[in-house]
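model-v9.cif (mmCIF, C-alpha atoms and all ligand atoms) appears below.
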data_protein
#
loop_
_atom_site.label_atom_id
_atom_site.label_comp_id
_atom_site.auth_asym_id
_atom_site.auth_seq_id
_atom_site.Cartn_x
_atom_site.Cartn_y
_atom_site.Cartn_z
CA MET V 182 5.66 -0.66 6.19
CA HIS V 183 6.35 -4.09 4.89
CA GLY V 184 4.89 -7.35 6.05
CA ARG V 185 1.77 -9.15 7.04
CA GLY V 186 -1.79 -8.36 6.30
CA HIS V 187 -2.17 -4.95 4.68
CA HIS V 188 -5.58 -4.24 3.17
CA TYR V 189 -5.36 -1.10 1.08
CA VAL V 190 -8.64 0.51 0.03
CA PRO V 191 -9.22 3.75 -1.93
CA TRP V 192 -9.49 6.84 0.28
CA LYS V 193 -13.06 7.51 -0.91
CA ASP V 194 -14.11 4.22 0.74
CA ILE V 195 -13.43 5.50 4.25
CA SER V 196 -14.82 8.44 6.21
CA GLY V 197 -11.69 9.56 8.00
CA TRP V 198 -8.68 8.72 10.11
CA LYS V 199 -7.23 9.50 13.50
CA CYS V 200 -4.30 7.64 15.07
CA ILE V 201 -5.35 6.16 18.41
CA ARG V 202 -1.76 5.27 19.42
CA CYS V 203 -2.55 1.57 19.69
CA GLY V 204 0.91 0.60 18.37
CA GLN V 205 -0.45 -2.20 16.21
CA CYS V 206 1.46 -1.01 13.13
CA CYS V 207 4.71 -0.92 15.16
CA ARG V 208 4.15 -4.50 16.34
CA GLU V 209 3.01 -6.17 13.14
CA TYR V 210 5.06 -4.76 10.27
CA ILE V 211 8.69 -4.79 9.38
CA VAL V 212 9.93 -1.26 8.76
CA SER V 213 11.73 -0.71 5.46
CA LEU V 214 14.42 1.97 5.34
CA SER V 215 16.27 3.95 2.74
CA TYR V 216 20.04 3.58 2.79
CA TYR V 217 20.40 6.97 4.55
CA GLU V 218 17.76 6.15 7.15
CA ALA V 219 19.52 2.84 7.87
CA LEU V 220 22.85 4.63 8.20
CA ILE V 221 21.56 7.38 10.49
CA LEU V 222 19.53 5.03 12.70
CA ALA V 223 22.47 2.65 13.05
CA LEU V 224 25.00 5.40 13.84
CA LYS V 225 22.84 7.61 16.00
CA HIS V 226 20.52 5.15 17.71
CA ASN V 227 22.42 1.89 17.43
CA ALA V 228 19.46 0.45 15.51
CA PRO V 229 19.64 -3.20 14.49
CA ILE V 230 19.47 -3.22 10.68
CA ILE V 231 18.93 -6.14 8.32
CA LYS V 232 19.91 -6.04 4.67
CA MET V 233 17.98 -8.38 2.39
CA LYS V 234 18.20 -8.38 -1.40
CA ASN V 235 19.84 -4.96 -1.29
CA LYS V 236 17.05 -3.48 0.83
CA TYR V 237 17.29 -2.30 4.44
CA TYR V 238 14.93 -3.03 7.33
CA LEU V 239 14.74 -2.47 11.07
CA MET V 240 15.27 -5.85 12.70
CA PRO V 241 12.20 -6.58 14.83
CA ARG V 242 12.40 -7.89 18.40
CA ALA V 243 11.74 -11.57 19.03
CA ASP V 244 8.01 -10.82 19.47
CA GLY V 245 7.90 -9.08 16.08
CA SER V 246 7.67 -5.52 17.41
CA CYS V 247 9.85 -2.61 16.36
CA PRO V 248 12.90 -2.06 18.58
CA PHE V 249 11.85 1.58 19.09
CA LEU V 250 8.32 0.85 20.28
CA THR V 251 7.57 1.53 23.91
CA LYS V 252 4.32 1.78 25.85
CA ILE V 253 3.20 3.88 28.77
CA GLY V 254 0.01 2.32 30.06
CA SER V 255 -1.95 1.46 26.96
CA VAL V 256 -0.47 4.27 24.85
CA ALA V 257 2.22 3.46 22.26
CA TYR V 258 5.24 5.73 21.93
CA CYS V 259 8.00 5.77 19.36
CA ARG V 260 11.39 6.37 20.98
CA ILE V 261 12.63 8.08 17.79
CA TYR V 262 9.36 9.81 16.92
CA TYR V 263 10.90 12.92 15.31
CA GLU V 264 13.40 10.81 13.37
CA ARG V 265 11.13 7.88 12.55
CA PRO V 266 11.45 6.39 9.06
CA THR V 267 9.40 7.69 6.15
CA VAL V 268 7.21 4.59 5.98
CA CYS V 269 6.19 5.22 9.61
CA LYS V 270 5.42 8.86 8.88
CA LEU V 271 3.20 7.93 5.94
CA TYR V 272 1.40 4.92 7.39
CA PRO V 273 -1.50 4.03 6.92
CA PHE V 274 -1.60 6.06 3.69
CA TYR V 275 -0.17 4.94 0.38
CA VAL V 276 0.26 7.75 -2.16
CA SER V 277 1.25 7.17 -5.76
CA ASN V 278 1.13 8.69 -9.21
CA ARG V 279 -0.46 5.45 -10.42
CA PRO V 280 -3.53 3.49 -9.25
CA VAL V 281 -1.39 0.66 -7.86
CA TYR V 282 -4.15 -1.01 -5.84
CA GLY V 283 -6.89 -0.57 -8.49
CA LYS V 284 -10.27 1.22 -8.28
CA ALA V 285 -8.66 4.29 -9.87
CA SER V 286 -11.69 6.57 -9.76
CA ARG V 287 -12.21 5.89 -6.01
CA ALA V 288 -8.51 6.47 -5.26
CA GLU V 289 -8.01 9.55 -7.46
CA ILE V 290 -7.54 13.06 -6.15
CA ILE V 291 -6.37 16.19 -7.95
CA LYS V 292 -4.18 18.58 -6.01
CA ASP V 293 -2.52 21.67 -7.45
CA GLY V 294 -3.25 20.40 -10.96
CA GLU V 295 -1.58 17.00 -10.38
CA THR V 296 -3.40 13.67 -10.18
CA TYR V 297 -2.60 11.33 -7.29
CA TYR V 298 -3.96 7.96 -6.19
CA VAL V 299 -4.29 7.45 -2.46
CA TYR V 300 -5.10 4.26 -0.56
CA VAL V 301 -5.52 3.61 3.16
CA ASP V 302 -4.63 0.42 5.03
CA LYS V 303 -7.96 -0.62 6.51
CA VAL V 304 -6.15 -2.78 9.06
CA CYS V 305 -5.12 0.40 10.92
CA ARG V 306 -7.35 0.87 13.94
CA GLY V 307 -7.56 4.60 13.37
CA VAL V 308 -9.51 4.18 10.13
CA ASN V 309 -13.07 5.56 10.24
CA ARG V 310 -12.48 7.19 13.65
CA SER V 311 -13.19 10.62 12.20
CA LYS V 312 -14.89 12.36 9.28
CA ASN V 313 -11.90 14.20 7.91
CA ILE V 314 -10.74 12.03 5.03
CA GLU V 315 -10.21 14.57 2.24
CA GLU V 316 -8.35 16.98 4.52
CA VAL V 317 -6.08 14.17 5.79
CA VAL V 318 -5.44 12.83 2.29
CA ARG V 319 -4.37 16.27 1.05
CA TYR V 320 -2.02 16.58 4.03
CA TYR V 321 -0.50 13.14 3.37
CA ILE V 322 0.09 13.96 -0.29
CA GLU V 323 2.21 16.90 0.88
CA LEU V 324 4.10 14.63 3.31
CA TRP V 325 4.67 12.05 0.59
CA LYS V 326 6.01 14.69 -1.79
CA ARG V 327 8.34 16.03 0.88
CA TYR V 328 9.70 12.71 2.12
CA THR V 329 10.01 10.92 -1.18
CA LYS V 330 12.19 13.78 -2.38
CA THR V 331 14.51 13.66 0.62
CA THR V 332 14.99 9.93 1.33
S1 LIG V 401 -2.34 0.98 13.77
FE1 LIG V 401 -3.14 2.98 13.10
S2 LIG V 401 -4.11 3.82 14.97
FE2 LIG V 401 -2.73 2.18 15.66
S3 LIG V 401 -0.78 3.28 16.09
FE3 LIG V 401 -0.68 2.53 13.95
S4 LIG V 401 -1.36 4.32 12.74
FE4 LIG V 401 -2.05 4.67 14.86
S1 LIG V 402 10.23 3.49 14.25
FE1 LIG V 402 8.69 4.26 15.69
S2 LIG V 402 6.85 4.64 14.44
FE2 LIG V 402 8.22 3.30 13.25
S3 LIG V 402 7.54 1.20 13.70
FE3 LIG V 402 9.18 1.74 15.15
S4 LIG V 402 8.14 2.50 16.99
FE4 LIG V 402 6.68 2.55 15.29
#
Please re-express this file's structure in structure tokens.
Ligand code: SF4
Ligand code: SF4
Amino acid sequence: MHGRGHHYVPWKDISGWKCIRCGQCCREYIVSLSYYEALILALKHNAPIIKMKNKYYLMPRADGSCPFLTKIGSVAYCRIYYERPTVCKLYPFYVSNRPVYGKASRAEIIKDGETYYVYVDKVCRGVNRSKNIEEVVRYYIELWKRYTKTT
């Protein structure tokens, strides 16, 4: 996710996370894409793509929301859920091999002998909705490893 108002904090500073399907992230951030994601979304779903400084993004609607966001009642749905871009799959977690947002000891986690640094965007409304943080962080490290190898 790329855009306004992220507030990344180390994972040890929150108790847990559970997506409440509010759709806020799909309304407020511009979605960055790899070249292959841009190509597939344009060809398969007729997605509006913007290219800026050699990077690709989903062009938001006039109100700033993602063109694939839809709502049924108060519940947000992604119309391309199973093919959504990597940044959407990883949000609100930010995994790295380096402590990019500081507070290294609070962000550090060792998994299978490797050290990772994980941050969570506190702006997400699902933050602190559960008490499962370490389990979720370990799961997101696996997702990050999988998707950063394939996109
Ligand atoms: S802002 Fe957080 S809780 Fe709301 S839809 Fe996005 S990930 Fe889920
Ligand atoms: S592609 Fe789907 S998950 Fe990603 S911002 Fe758009 S509606 Fe949300």
Axis-aligned box for region 188-191 of chain V, 4 Å per side, centre and edges in Å as AutoDock Vina command-line options:
--center_x -7.3 --center_y -0.2 --center_z 0.6 --size_x 11.9 --size_y 16.0 --size_z 13.1
Problem set entry | Non-local contacts of Gly197 (chain V) (8 Å; all atoms listed in the file; under 3 positions in same chain excluded) as number ranges by chain | V: 308-315, 317
Exercise. In terms of the shortest atom-to-atom distance over all atoms listed in the file, which of V:Met233, V:Cys200, V:Leu224, V:Ile195 is closest to ligand LIG 401 (chain V)?
Worked result: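 Checking each of V:Met233, V:Cys200, V:Leu224, V:Ile195 against ligand LIG 401 (chain V), counting all atoms listed in the file, the winner is V:Cys200.
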Distance table requested - chain V against ligand LIG 401 (chain V), cut-off 9 Å, all atoms listed in the file: one row per qualifying residue with the closest atom pair and its distance in Å to one decimal, ordered by chain and rising residue number, as a Markdown table.
| residue | atom | partner | partner_atom | distance |
| --- | --- | --- | --- | --- |
| V:Trp198 | CA | V:LIG401 | S2 | 8.3 |
| V:Lys199 | CA | V:LIG401 | S2 | 6.6 |
| V:Cys200 | CA | V:LIG401 | FE4 | 3.7 |
| V:Ile201 | CA | V:LIG401 | S2 | 4.3 |
| V:Arg202 | CA | V:LIG401 | S3 | 4.0 |
| V:Cys203 | CA | V:LIG401 | FE2 | 4.1 |
| V:Gly204 | CA | V:LIG401 | S3 | 3.9 |
| V:Gln205 | CA | V:LIG401 | S1 | 4.4 |
| V:Cys206 | CA | V:LIG401 | FE3 | 4.2 |
| V:Cys207 | CA | V:LIG401 | FE3 | 6.5 |
| V:Arg208 | CA | V:LIG401 | FE3 | 8.9 |
| V:Glu209 | CA | V:LIG401 | S1 | 9.0 |
| V:Val256 | CA | V:LIG401 | S3 | 8.8 |
| V:Ala257 | CA | V:LIG401 | S3 | 6.9 |
| V:Tyr258 | CA | V:LIG401 | S3 | 8.7 |
| V:Cys269 | CA | V:LIG401 | S4 | 8.2 |
| V:Leu271 | CA | V:LIG401 | S4 | 8.9 |
| V:Tyr272 | CA | V:LIG401 | S4 | 6.0 |
| V:Pro273 | CA | V:LIG401 | S4 | 5.8 |
| V:Asp302 | CA | V:LIG401 | FE1 | 8.6 |
| V:Lys303 | CA | V:LIG401 | FE1 | 8.9 |
| V:Val304 | CA | V:LIG401 | S1 | 7.1 |
| V:Cys305 | CA | V:LIG401 | FE1 | 3.9 |
| V:Arg306 | CA | V:LIG401 | S2 | 4.5 |
| V:Gly307 | CA | V:LIG401 | S2 | 3.9 |
| V:Val308 | CA | V:LIG401 | FE1 | 7.1 |
Within 10 Å of ligand LIG 402 (chain V), counting all atoms listed in the file: which residues, as an mmCIF file with C-alpha atoms, in the coordinates of the input?
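To be explicit, this is the file written out as part.cif:
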data_model
loop_
_atom_site.group_PDB
_atom_site.id
_atom_site.type_symbol
_atom_site.label_atom_id
_atom_site.label_comp_id
_atom_site.auth_asym_id
_atom_site.auth_seq_id
_atom_site.Cartn_x
_atom_site.Cartn_y
_atom_site.Cartn_z
ATOM 1 C CA MET V 182 5.660 -0.660 6.190
ATOM 2 C CA ARG V 202 -1.760 5.270 19.420
ATOM 3 C CA GLY V 204 0.910 0.600 18.370
ATOM 4 C CA GLN V 205 -0.450 -2.200 16.210
ATOM 5 C CA CYS V 206 1.460 -1.010 13.130
ATOM 6 C CA CYS V 207 4.710 -0.920 15.160
ATOM 7 C CA ARG V 208 4.150 -4.500 16.340
ATOM 8 C CA GLU V 209 3.010 -6.170 13.140
ATOM 9 C CA TYR V 210 5.060 -4.760 10.270
ATOM 10 C CA ILE V 211 8.690 -4.790 9.380
ATOM 11 C CA VAL V 212 9.930 -1.260 8.760
ATOM 12 C CA SER V 213 11.730 -0.710 5.460
ATOM 13 C CA LEU V 214 14.420 1.970 5.340
ATOM 14 C CA LEU V 222 19.530 5.030 12.700
ATOM 15 C CA ALA V 228 19.460 0.450 15.510
ATOM 16 C CA LEU V 239 14.740 -2.470 11.070
ATOM 17 C CA PRO V 241 12.200 -6.580 14.830
ATOM 18 C CA SER V 246 7.670 -5.520 17.410
ATOM 19 C CA CYS V 247 9.850 -2.610 16.360
ATOM 20 C CA PRO V 248 12.900 -2.060 18.580
ATOM 21 C CA PHE V 249 11.850 1.580 19.090
ATOM 22 C CA LEU V 250 8.320 0.850 20.280
ATOM 23 C CA THR V 251 7.570 1.530 23.910
ATOM 24 C CA LYS V 252 4.320 1.780 25.850
ATOM 25 C CA ALA V 257 2.220 3.460 22.260
ATOM 26 C CA TYR V 258 5.240 5.730 21.930
ATOM 27 C CA CYS V 259 8.000 5.770 19.360
ATOM 28 C CA ARG V 260 11.390 6.370 20.980
ATOM 29 C CA ILE V 261 12.630 8.080 17.790
ATOM 30 C CA TYR V 262 9.360 9.810 16.920
ATOM 31 C CA TYR V 263 10.900 12.920 15.310
ATOM 32 C CA GLU V 264 13.400 10.810 13.370
ATOM 33 C CA ARG V 265 11.130 7.880 12.550
ATOM 34 C CA PRO V 266 11.450 6.390 9.060
ATOM 35 C CA THR V 267 9.400 7.690 6.150
ATOM 36 C CA VAL V 268 7.210 4.590 5.980
ATOM 37 C CA CYS V 269 6.190 5.220 9.610
ATOM 38 C CA LYS V 270 5.420 8.860 8.880
ATOM 39 C CA LEU V 271 3.200 7.930 5.940
ATOM 40 C CA TYR V 272 1.400 4.920 7.390
#
Exercise. What is the CA of Tyr320 (chain V)-CA of Pro280 (chain V) distance in Å, reported with one decimal?
Worked result: 18.7 Å
Seminar exercise, completed: Atom pair CA of Ile290 (chain V) + CA of Ser277 (chain V), distance 10.6 Å
